[in-house]
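Undergrad: My structure is in input30.txt, and what it holds is compact mmCIF, C-alpha atoms and all ligand atoms:
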# COMPACT_ATOMS: atom_id res chain seq x y z
CA MET M 1 240.62 160.43 203.08
CA PRO M 2 243.11 159.02 205.59
CA LEU M 3 241.97 158.74 209.18
CA ARG M 4 244.39 159.61 211.92
CA MET M 5 244.87 157.20 214.78
CA ASN M 6 245.49 159.70 217.56
CA SER M 7 245.77 159.03 221.24
CA THR M 8 245.43 161.36 224.15
CA PRO M 9 245.69 160.91 227.93
CA THR M 10 242.45 160.60 229.89
CA LEU M 11 241.79 159.86 233.54
CA SER M 12 241.44 156.19 232.71
CA GLY M 13 244.66 156.04 230.71
CA TRP M 14 245.52 156.47 227.02
CA THR M 15 242.58 156.12 224.66
CA MET M 16 241.81 156.92 221.05
CA SER M 17 241.35 160.63 220.58
CA GLN M 18 238.03 161.83 219.28
CA ASN M 19 238.92 165.51 219.07
CA ILE M 20 236.63 167.40 216.76
CA LEU M 21 236.92 171.06 215.94
CA VAL M 22 233.75 172.94 215.00
CA ILE M 23 234.16 176.15 213.05
CA ASN M 24 231.65 178.89 212.31
CA SER M 25 233.38 181.46 210.14
CA GLY M 26 231.62 184.76 209.59
CA SER M 27 232.59 187.86 207.67
CA SER M 28 234.41 189.44 210.62
CA SER M 29 234.63 186.62 213.14
CA VAL M 30 235.45 182.95 213.53
CA LYS M 31 233.72 181.05 216.35
CA PHE M 32 235.17 177.69 217.28
CA SER M 33 234.58 174.83 219.72
CA LEU M 34 236.76 171.84 220.44
CA PHE M 35 234.96 168.64 221.48
CA ASP M 36 236.21 165.47 223.06
CA MET M 37 233.69 163.09 221.54
CA THR M 38 234.88 160.16 223.65
CA HIS M 39 233.13 161.92 226.52
CA GLN M 40 230.79 164.08 224.40
CA THR M 41 232.13 167.16 226.15
CA GLU M 42 233.34 170.55 225.00
CA THR M 43 237.04 170.94 225.81
CA ALA M 44 237.26 174.61 224.87
CA SER M 45 235.55 177.28 222.84
CA GLY M 46 236.52 180.66 221.55
CA LEU M 47 236.08 183.53 219.21
CA ALA M 48 238.34 185.42 216.83
CA GLU M 49 236.50 188.70 216.39
CA ARG M 50 236.68 192.11 214.77
CA LEU M 51 238.72 190.55 211.99
CA GLY M 52 240.03 193.07 209.51
CA SER M 53 240.20 195.84 212.12
CA ASP M 54 242.95 197.04 214.46
CA ALA M 55 241.03 195.56 217.37
CA ALA M 56 241.11 191.99 215.97
CA ALA M 57 241.50 189.56 218.88
CA LEU M 58 241.33 185.89 219.72
CA THR M 59 239.68 184.71 222.94
CA LEU M 60 239.77 181.13 224.16
CA ARG M 61 237.91 179.72 227.17
CA TRP M 62 238.09 176.31 228.78
CA ALA M 63 237.00 174.75 232.09
CA ASP M 64 239.56 176.47 234.27
CA GLY M 65 241.15 179.09 232.10
CA GLU M 66 240.88 181.91 229.66
CA TYR M 67 243.36 183.25 227.11
CA ARG M 68 243.26 186.38 224.98
CA GLN M 69 245.61 187.76 222.36
CA ALA M 70 245.57 190.45 219.67
CA LEU M 71 245.52 189.30 216.04
CA HIS M 72 247.72 191.31 213.70
CA ASP M 73 246.84 189.46 210.55
CA SER M 74 243.18 188.76 209.95
CA ASP M 75 243.10 186.50 206.89
CA TYR M 76 241.34 183.17 207.49
CA ALA M 77 244.45 181.03 207.04
CA THR M 78 246.38 182.98 209.70
CA VAL M 79 243.46 183.11 212.11
CA LEU M 80 242.69 179.39 211.79
CA THR M 81 246.36 178.43 212.13
CA GLN M 82 246.50 180.59 215.23
CA ILE M 83 243.40 178.95 216.72
CA ILE M 84 244.97 175.48 216.36
CA ALA M 85 248.33 176.77 217.65
CA VAL M 86 246.76 178.33 220.74
CA LEU M 87 244.67 175.21 221.50
CA THR M 88 247.88 173.18 221.26
CA GLU M 89 249.96 175.60 223.38
CA GLN M 90 247.34 175.57 226.09
CA GLN M 91 247.52 171.74 226.15
CA LEU M 92 243.88 171.48 225.09
CA LEU M 93 244.69 169.80 221.78
CA HIS M 94 247.37 167.11 221.77
CA HIS M 95 247.00 166.02 218.16
CA LEU M 96 245.38 167.51 215.12
CA PRO M 97 241.57 167.15 215.19
CA LYS M 98 240.18 163.94 213.73
CA VAL M 99 237.67 165.90 211.68
CA ILE M 100 236.62 169.54 211.36
CA GLY M 101 232.91 170.36 211.23
CA HIS M 102 231.80 173.62 209.61
CA ARG M 103 228.57 175.44 210.03
CA VAL M 104 227.43 176.57 206.60
CA VAL M 105 224.46 178.91 206.43
CA HIS M 106 222.93 178.15 203.05
CA GLY M 107 222.76 174.80 201.32
CA GLY M 108 219.99 175.82 198.91
CA GLU M 109 218.06 172.83 197.56
CA VAL M 110 221.26 170.85 197.14
CA PHE M 111 221.91 169.77 200.72
CA SER M 112 219.41 168.10 203.01
CA ASP M 113 222.07 166.42 205.19
CA PRO M 114 225.60 167.08 206.42
CA VAL M 115 228.28 166.10 203.87
CA ILE M 116 232.01 165.43 203.72
CA VAL M 117 233.61 168.35 201.90
CA THR M 118 234.83 167.53 198.39
CA ASP M 119 235.57 169.76 195.40
CA GLU M 120 232.02 169.12 194.20
CA VAL M 121 230.56 170.14 197.57
CA LEU M 122 232.65 173.31 197.54
CA ALA M 123 231.31 174.13 194.08
CA SER M 124 227.72 173.66 195.28
CA ILE M 125 228.26 175.85 198.34
CA ARG M 126 229.70 178.45 195.98
CA GLN M 127 226.55 178.23 193.87
CA CYS M 128 224.48 179.12 196.94
CA ILE M 129 226.37 182.40 197.44
CA ALA M 130 223.65 184.35 195.62
CA LEU M 131 221.19 183.19 198.30
CA ALA M 132 223.45 184.08 201.24
CA PRO M 133 225.92 186.68 199.99
CA LEU M 134 226.99 187.71 203.50
CA HIS M 135 227.43 184.26 204.98
CA ASN M 136 228.39 181.59 202.44
CA PRO M 137 231.58 183.32 201.20
CA ALA M 138 232.92 183.47 204.76
CA ASN M 139 231.92 179.84 205.44
CA LEU M 140 233.68 178.83 202.22
CA ALA M 141 236.80 180.83 203.02
CA GLY M 142 237.13 179.01 206.36
CA ILE M 143 236.76 175.57 204.75
CA GLU M 144 239.19 176.37 201.94
CA ALA M 145 241.81 177.80 204.27
CA LEU M 146 241.72 174.70 206.47
CA ALA M 147 241.74 172.35 203.46
CA THR M 148 244.96 174.01 202.29
CA LEU M 149 246.55 174.10 205.73
CA TYR M 150 245.59 170.57 206.78
CA PRO M 151 244.78 168.54 203.65
CA ASP M 152 244.73 165.28 205.64
CA ILE M 153 241.99 166.32 208.05
CA PRO M 154 238.53 165.49 206.71
CA GLN M 155 236.06 168.35 206.79
CA VAL M 156 232.31 168.15 207.08
CA ALA M 157 229.77 170.84 206.17
CA VAL M 158 226.56 171.09 208.20
CA PHE M 159 223.91 173.39 206.78
CA ASP M 160 221.51 175.70 208.62
CA THR M 161 218.93 175.19 205.89
CA ALA M 162 219.19 171.39 205.50
CA PHE M 163 216.64 170.36 208.13
CA HIS M 164 213.94 172.40 206.39
CA GLN M 165 214.36 170.68 203.02
CA SER M 166 211.44 168.47 204.10
CA LEU M 167 209.02 171.42 203.69
CA ALA M 168 206.27 170.76 201.15
CA PRO M 169 205.83 173.20 198.23
CA LYS M 170 202.69 174.61 199.87
CA ALA M 171 204.90 175.71 202.77
CA PHE M 172 208.03 176.80 200.90
CA LEU M 173 206.63 178.62 197.88
CA TYR M 174 206.03 182.36 197.81
CA ALA M 175 203.04 183.44 195.73
CA VAL M 176 205.22 185.20 193.16
CA PRO M 177 205.64 184.16 189.50
CA TYR M 178 206.66 180.49 189.56
CA LYS M 179 209.56 181.06 187.19
CA LEU M 180 211.33 183.06 189.92
CA TYR M 181 211.43 179.82 191.88
CA GLU M 182 212.51 177.77 188.87
CA GLN M 183 215.14 180.17 187.62
CA GLN M 184 216.42 182.03 190.69
CA GLY M 185 215.51 179.66 193.52
CA VAL M 186 213.16 182.21 195.08
CA ARG M 187 211.48 180.22 197.86
CA ARG M 188 211.49 179.82 201.63
CA TYR M 189 214.50 177.86 202.90
CA GLY M 190 214.46 178.40 206.67
CA PHE M 191 217.46 178.56 209.01
CA HIS M 192 218.52 177.49 212.55
CA GLY M 193 217.88 173.94 211.30
CA VAL M 194 220.58 172.35 213.47
CA SER M 195 219.00 173.86 216.57
CA HIS M 196 215.36 173.07 215.73
CA GLN M 197 216.25 169.49 214.84
CA TYR M 198 218.19 168.99 218.06
CA VAL M 199 215.74 170.53 220.53
CA ALA M 200 212.71 168.86 218.92
CA ALA M 201 214.43 165.46 219.06
CA GLU M 202 215.53 166.10 222.62
CA ALA M 203 211.99 167.13 223.64
CA ALA M 204 210.54 164.03 222.00
CA THR M 205 213.00 161.81 223.89
CA ARG M 206 212.47 163.55 227.22
CA LEU M 207 208.69 163.44 226.92
CA GLY M 208 208.64 159.84 225.67
CA ILE M 209 207.02 160.71 222.32
CA SER M 210 209.84 159.73 219.99
CA ALA M 211 207.72 157.76 217.51
CA GLN M 212 204.82 160.12 216.80
CA HIS M 213 204.86 163.78 217.74
CA GLY M 214 203.98 167.32 216.85
CA ILE M 215 206.35 169.89 218.32
CA ILE M 216 206.83 173.61 217.81
CA SER M 217 210.28 174.93 218.69
CA ALA M 218 211.12 178.58 219.22
CA HIS M 219 214.82 179.43 218.87
CA LEU M 220 215.17 182.89 220.40
CA GLY M 221 218.65 184.39 220.34
CA ASN M 222 219.94 187.42 218.45
CA GLY M 223 218.27 185.80 215.45
CA CYS M 224 214.88 184.23 216.15
CA SER M 225 212.87 181.58 214.34
CA ALA M 226 210.23 178.99 215.13
CA CYS M 227 209.61 175.64 213.49
CA ALA M 228 206.83 173.03 213.33
CA VAL M 229 208.25 169.50 213.61
CA ALA M 230 206.20 166.36 212.94
CA ASN M 231 207.85 163.04 213.77
CA GLY M 232 211.34 164.52 213.46
CA GLN M 233 210.67 166.37 210.18
CA SER M 234 210.46 170.12 209.67
CA MET M 235 207.01 170.96 208.28
CA ASP M 236 207.20 174.75 208.33
CA THR M 237 209.36 177.48 209.76
CA THR M 238 209.27 181.25 210.14
CA MET M 239 212.47 182.32 208.36
CA GLY M 240 212.29 182.37 204.60
CA MET M 241 214.60 182.89 201.65
CA THR M 242 216.79 184.89 204.01
CA PRO M 243 216.92 185.01 207.81
CA LEU M 244 215.00 188.31 207.73
CA GLU M 245 211.52 186.82 207.49
CA GLY M 246 209.28 185.94 210.40
CA LEU M 247 209.75 186.82 214.05
CA VAL M 248 210.92 190.09 215.56
CA MET M 249 214.65 189.71 216.32
CA GLY M 250 217.43 191.71 217.99
CA THR M 251 218.04 194.05 215.06
CA ARG M 252 215.99 192.38 212.29
CA SER M 253 212.41 193.38 211.62
CA GLY M 254 211.00 189.98 210.71
CA ASP M 255 207.84 190.23 208.56
CA VAL M 256 206.98 193.61 207.08
CA ASP M 257 204.71 194.54 204.21
CA PRO M 258 206.80 194.20 201.02
CA GLY M 259 205.14 197.46 199.98
CA LEU M 260 207.30 199.19 202.59
CA HIS M 261 210.21 199.33 200.14
CA GLN M 262 208.32 201.41 197.62
CA PHE M 263 206.76 203.62 200.30
CA LEU M 264 210.14 204.48 201.82
CA TYR M 265 211.61 205.06 198.39
CA GLN M 266 208.83 207.52 197.57
CA GLN M 267 208.77 209.22 200.97
CA LYS M 268 212.45 209.31 201.83
CA GLY M 269 214.29 208.42 198.63
CA TRP M 270 215.79 205.33 200.25
CA ASP M 271 217.12 202.79 197.77
CA VAL M 272 216.78 199.02 198.19
CA GLU M 273 220.14 198.71 199.93
CA THR M 274 219.29 201.40 202.48
CA VAL M 275 215.94 199.79 203.29
CA THR M 276 217.48 196.30 203.48
CA ASN M 277 220.18 197.57 205.81
CA MET M 278 217.58 199.29 207.99
CA LEU M 279 215.49 196.08 208.16
CA ASN M 280 218.51 193.94 209.08
CA LYS M 281 220.52 196.17 211.36
CA GLU M 282 218.38 198.97 212.77
CA SER M 283 215.03 197.28 213.29
CA GLY M 284 213.67 194.56 215.58
CA MET M 285 214.01 195.16 219.30
CA LEU M 286 216.65 197.83 218.73
CA GLY M 287 214.49 199.77 216.29
CA LEU M 288 211.32 199.53 218.37
CA SER M 289 212.90 200.36 221.71
CA GLY M 290 215.45 202.88 220.45
CA LEU M 291 217.54 201.50 223.29
CA SER M 292 219.13 198.11 222.70
CA ASN M 293 218.90 194.82 220.84
CA ASP M 294 219.76 192.93 224.02
CA MET M 295 216.83 191.28 225.77
CA ARG M 296 218.32 191.51 229.25
CA THR M 297 218.80 195.27 228.89
CA LEU M 298 215.26 195.66 227.57
CA GLU M 299 213.67 193.61 230.32
CA ALA M 300 215.50 195.68 232.93
CA ALA M 301 214.37 198.91 231.24
CA ALA M 302 210.78 197.67 230.98
CA ASN M 303 210.83 196.85 234.69
CA GLU M 304 211.89 200.42 235.38
CA GLY M 305 208.91 201.67 233.40
CA VAL M 306 210.58 202.60 230.08
CA GLU M 307 207.55 202.53 227.78
CA ARG M 308 209.30 201.87 224.49
CA ALA M 309 211.06 198.87 226.03
CA GLN M 310 207.67 197.58 227.22
CA LEU M 311 206.24 198.13 223.76
CA ALA M 312 209.13 196.29 222.06
CA LEU M 313 208.64 193.32 224.40
CA ALA M 314 204.91 193.27 223.70
CA VAL M 315 205.46 193.27 219.93
CA PHE M 316 208.15 190.56 220.22
CA CYS M 317 205.87 188.26 222.23
CA PHE M 318 202.71 188.86 220.20
CA ARG M 319 204.49 188.26 216.88
CA LEU M 320 205.99 185.05 218.23
CA ALA M 321 202.63 183.82 219.55
CA ARG M 322 200.98 184.67 216.24
CA HIS M 323 203.57 182.66 214.31
CA ILE M 324 203.29 179.73 216.70
CA GLY M 325 199.55 179.78 216.02
CA GLY M 326 200.28 179.71 212.28
CA LEU M 327 202.85 176.92 212.57
CA ALA M 328 200.31 174.73 214.37
CA THR M 329 198.40 174.45 211.09
CA ALA M 330 201.32 172.43 209.69
CA LEU M 331 200.77 169.77 212.39
CA THR M 332 198.05 167.24 213.08
CA ARG M 333 198.78 167.13 216.82
CA LEU M 334 200.60 169.37 219.27
CA ASP M 335 202.52 167.69 222.07
CA ALA M 336 204.98 170.36 223.06
CA LEU M 337 206.24 173.89 222.63
CA VAL M 338 210.00 174.18 223.13
CA PHE M 339 211.88 177.35 224.05
CA THR M 340 215.60 177.57 223.27
CA GLY M 341 218.39 180.08 222.48
CA GLY M 342 219.69 182.73 224.90
CA ILE M 343 216.23 184.29 225.36
CA GLY M 344 214.20 181.08 225.22
CA GLU M 345 216.44 179.34 227.75
CA ASN M 346 216.61 182.22 230.21
CA SER M 347 213.74 184.67 230.00
CA ARG M 348 210.83 183.63 232.16
CA PHE M 349 209.10 186.88 231.26
CA ILE M 350 209.14 186.21 227.50
CA ARG M 351 208.00 182.62 227.97
CA ALA M 352 205.16 183.62 230.30
CA THR M 353 203.99 186.43 228.00
CA VAL M 354 204.06 184.22 224.91
CA ILE M 355 202.06 181.53 226.71
CA GLU M 356 199.59 184.20 227.86
CA ASN M 357 199.15 185.20 224.21
CA LEU M 358 198.51 181.56 223.31
CA ALA M 359 195.56 181.00 225.66
CA ILE M 360 193.63 179.29 222.86
CA PHE M 361 196.10 176.34 222.85
CA GLY M 362 195.46 175.35 226.45
CA PHE M 363 199.07 175.50 227.68
CA ARG M 364 199.16 175.75 231.48
CA LEU M 365 202.32 177.41 232.72
CA ASP M 366 203.68 176.48 236.14
CA ASN M 367 205.06 179.79 237.40
CA GLU M 368 207.43 178.20 239.85
CA LEU M 369 208.90 175.85 237.21
CA ASN M 370 209.10 178.73 234.74
CA ALA M 371 211.01 180.83 237.27
CA ARG M 372 213.70 178.15 237.52
CA ASN M 373 213.85 177.40 233.78
CA GLY M 374 212.13 174.04 234.13
CA ASP M 375 212.18 170.81 236.11
CA MET M 376 214.68 168.00 235.54
CA LEU M 377 213.32 167.53 232.00
CA GLY M 378 213.00 171.26 231.33
CA VAL M 379 209.19 171.17 231.62
CA ILE M 380 207.61 174.47 232.74
CA SER M 381 203.94 173.54 232.31
CA THR M 382 201.43 171.55 234.28
CA GLY M 383 198.27 169.56 233.56
CA PRO M 384 197.28 167.23 230.74
CA GLY M 385 197.49 169.64 227.74
CA PRO M 386 200.51 170.19 225.51
CA LYS M 387 203.75 170.60 227.42
CA VAL M 388 206.01 173.63 227.44
CA VAL M 389 209.70 172.74 227.69
CA VAL M 390 212.95 174.70 228.00
CA ILE M 391 215.87 172.97 226.28
CA GLU M 392 219.40 174.29 225.94
CA THR M 393 220.39 174.23 222.29
CA LYS M 394 223.66 172.48 221.41
CA GLU M 395 224.32 173.44 217.82
CA GLU M 396 228.08 172.97 218.00
CA LEU M 397 227.80 169.56 219.62
CA MET M 398 225.32 168.54 216.92
CA ILE M 399 227.79 169.63 214.24
CA ALA M 400 230.54 167.66 215.98
CA ARG M 401 228.30 164.57 216.13
CA ALA M 402 227.35 164.92 212.47
CA ALA M 403 231.02 165.29 211.52
CA LEU M 404 232.05 162.23 213.51
CA ALA M 405 229.19 160.17 212.08
CA LEU M 406 230.36 160.85 208.53
CA ILE M 407 233.99 159.78 208.78
P1 LIG A 501 223.12 184.21 219.40
O1 LIG A 501 221.91 184.16 218.52
O2 LIG A 501 224.08 185.28 219.03
O3 LIG A 501 223.74 182.85 219.65
P2 LIG A 501 222.11 183.92 222.10
O4 LIG A 501 221.39 182.65 221.79
O5 LIG A 501 223.25 183.84 223.03
O6 LIG A 501 222.54 184.70 220.81
O7 LIG A 501 221.01 184.93 222.70
C1 LIG A 501 221.34 186.25 223.01
C2 LIG A 501 220.11 186.89 223.62
O8 LIG A 501 219.74 186.17 224.80
C3 LIG A 501 220.36 188.35 224.03
O9 LIG A 501 219.27 189.17 223.64
C4 LIG A 501 220.41 188.24 225.55
O10 LIG A 501 220.01 189.43 226.20
C5 LIG A 501 219.42 187.13 225.79
N1 LIG A 501 219.54 186.59 227.15
C6 LIG A 501 220.57 185.92 227.69
N2 LIG A 501 220.32 185.68 229.01
C7 LIG A 501 219.12 186.22 229.29
C8 LIG A 501 218.31 186.33 230.46
N3 LIG A 501 218.71 185.82 231.62
N4 LIG A 501 217.12 186.96 230.37
C9 LIG A 501 216.70 187.48 229.20
N5 LIG A 501 217.41 187.42 228.06
C10 LIG A 501 218.61 186.81 228.10
Would you write out, as structure tokens, the structure that this file holds?
TA:
Amino acid sequence: MPLRMNSTPTLSGWTMSQNILVINSGSSSVKFSLFDMTHQTETASGLAERLGSDAAALTLRWADGEYRQALHDSDYATVLTQIIAVLTEQQLLHHLPKVIGHRVVHGGEVFSDPVIVTDEVLASIRQCIALAPLHNPANLAGIEALATLYPDIPQVAVFDTAFHQSLAPKAFLYAVPYKLYEQQGVRRYGFHGVSHQYVAAEAATRLGISAQHGIISAHLGNGCSACAVANGQSMDTTMGMTPLEGLVMGTRSGDVDPGLHQFLYQQKGWDVETVTNMLNKESGMLGLSGLSNDMRTLEAAANEGVERAQLALAVFCFRLARHIGGLATALTRLDALVFTGGIGENSRFIRATVIENLAIFGFRLDNELNARNGDMLGVISTGPGPKVVVIETKEELMIARAALALI
């Protein structure tokens, strides 16, 4: 594909542009970030949301400004054209991006690395739709719309599942008839791979253990997962065939007894779709607390003595600690536990409670460091045992770097 030789003004004069657009297209939203890779900085980011409804709107934020407009037409081509038009109007983008990086949720067993989008790649992403029926079609629609609009701009797909393709069969197989794996691809895939890979690598660099390490990372946002990383490779992770497995999340239950489906069918007449919807959208912190899926709201309520909020927090932290304990069995050494995502990066309460639940591992939390989200390196522990580190995740920047590296 042709490369564009763009130039854009910088403080030091005119240099080659390294503008990279990162797109995360969902079923009713498109998130985007524009990076200047010459300086490895984010120029702007934004969100086109509530697509398909009357309230569809585009919001754009940059260092010293914000812009918002209604969107009357919500198809991907119009929305993506509008995003590029608004970035250009606001003087944030002077030339078309050099490459566009896409976050793609499911790469099945096909993709273990980022790839340049070709017709073959599109076909493979399409084949993974059965595994991610809510996400992959939207990811595909975004890529296809941009390929039609800007055929000269190379596009790169970065997969949420790719980092976990290093899992061994003993970690990725479910104990169900093997032919379900062979014929339907029923296995654990894992998600949040871009984040786990980044924060584990960052922790290893910061702690000076780049060559040999055992790290457990906990990505705690609206979706939550944890991952055991040995020497840069994912060994095991808490999410499974879908992002529903594992930890308690904002509205997702995480692990439940698979027998629950039959029980609820018998007791309440709920079909599979009703139960699945309940487990994805009405469970987790929202379901337990009956109040909110938002951790800040729940912590405030718990502080005011709301018992169900306290209970939800206790379940969240115990489940996480229990999974961290399980993940440790995939490692031969444990150097660090990393907290990331909106909750992991900000909630001293969650971090302290999880560490309290993990007494057996010998982590020693420094309360003062925990209160300020870590020292210069993000470390919030003290003493000679395994370190506890807070690291801001940079999924979009990682996608931009992967995209740039491929062209
Ligand atoms: P997403 O998975 O959508 O990217 P984020 O990583 O932004 O989500 O995480 C959102 C979660 O982080 C919300 O539950 C929010 O309440 C929580 N959060 C953000 N800041 C804080 C804070 N200071 N204390 C506790 N929780 C926080």
Undergrad: Around ligand LIG 501 (chain A), which protein and nucleic acid residues have at least one atom no more than 8 Å from it, if we count all atoms listed in the file? List them as a list in words.
TA: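 Those residues are His219, Leu220, Gly221, Asn222, Gly223, Cys224, Gly250, Asn293, Asp294, Met295, Arg296, Thr297, Leu298, Glu299, Thr340, Gly341, Gly342, Ile343, Gly344, Glu345, Asn346, Ser347, Arg348, Phe349 and Ile350 of chain M.
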Undergrad: Between M:Ala312, M:Val117, M:Ala211, M:Ala48, single out the one closest to Val86 of chain M, counting all atoms listed in the file.
TA: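 Nearest candidate to Val86 of chain M out of M:Ala312, M:Val117, M:Ala211, M:Ala48: M:Ala48.
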Undergrad: In Å, rounded to a single decimal, give me how far atom CA of Val388 of chain M is from atom CA of Leu369 of chain M.
TA: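 So the two atoms, atom CA of Leu369 of chain M and atom CA of Val388 of chain M, lie 10.4 Å apart.
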Undergrad: Can you pull out every residue within 10 Å of Ser53 of chain M, counting only C-alpha atoms, but drop anything in the same chain fewer than 2 positions away, and send it as a PyMOL selection string?
TA: chain M and resi 28+49-51+55-57+71-74
Undergrad: What is the atom CA of Leu167 of chain M-atom CA of Val229 of chain M distance in Å, reported with one decimal?
TA: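 So the two atoms, atom CA of Leu167 of chain M and atom CA of Val229 of chain M, lie 10.1 Å apart.
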Undergrad: Could you state the separation of atom CA of Lys387 of chain M and atom CA of Thr238 of chain M in Å, given to one decimal place?
TA: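 Between atom CA of Lys387 of chain M and atom CA of Thr238 of chain M the gap is 21.0 Å.
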Undergrad: I want to know what sits within 7 Å of Gln155 of chain M, based on all atoms listed in the file, with residues of the same chain fewer than 5 positions away left out; could you give that as a list in words?
TA: Val99, Ile100, Gly101, Ile116 and Val117 of chain M
Undergrad: Kindly indicate which residue among M:Leu80, M:Leu320, M:Met235, M:Ala204 lies nearest to Ser166 of chain M, using only C-alpha atoms for the distances.
TA: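 Looking only at the distances to Ser166 of chain M, the closest residue turns out to be M:Met235.
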Undergrad: Hey, what's within 8 Å of segment 123-126 of chain M if we count only C-alpha atoms and toss same-chain stuff fewer than 5 positions away? As a list in words, please?
TA: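 The contact residues come out as His106, Gly107, Val110, Asn136, Pro137 and Leu140 of chain M.
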Undergrad: Let me see the file: selected residues, C-alpha atoms, as a tab-separated table (two decimals), keeping the file's coordinate frame.
TA:
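Contents of result_1.tsv, freshly written:
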chain	number	residue	atom	x	y	z
M	106	HIS	CA	222.93	178.15	203.05
M	107	GLY	CA	222.76	174.80	201.32
M	110	VAL	CA	221.26	170.85	197.14
M	136	ASN	CA	228.39	181.59	202.44
M	137	PRO	CA	231.58	183.32	201.20
M	140	LEU	CA	233.68	178.83	202.22
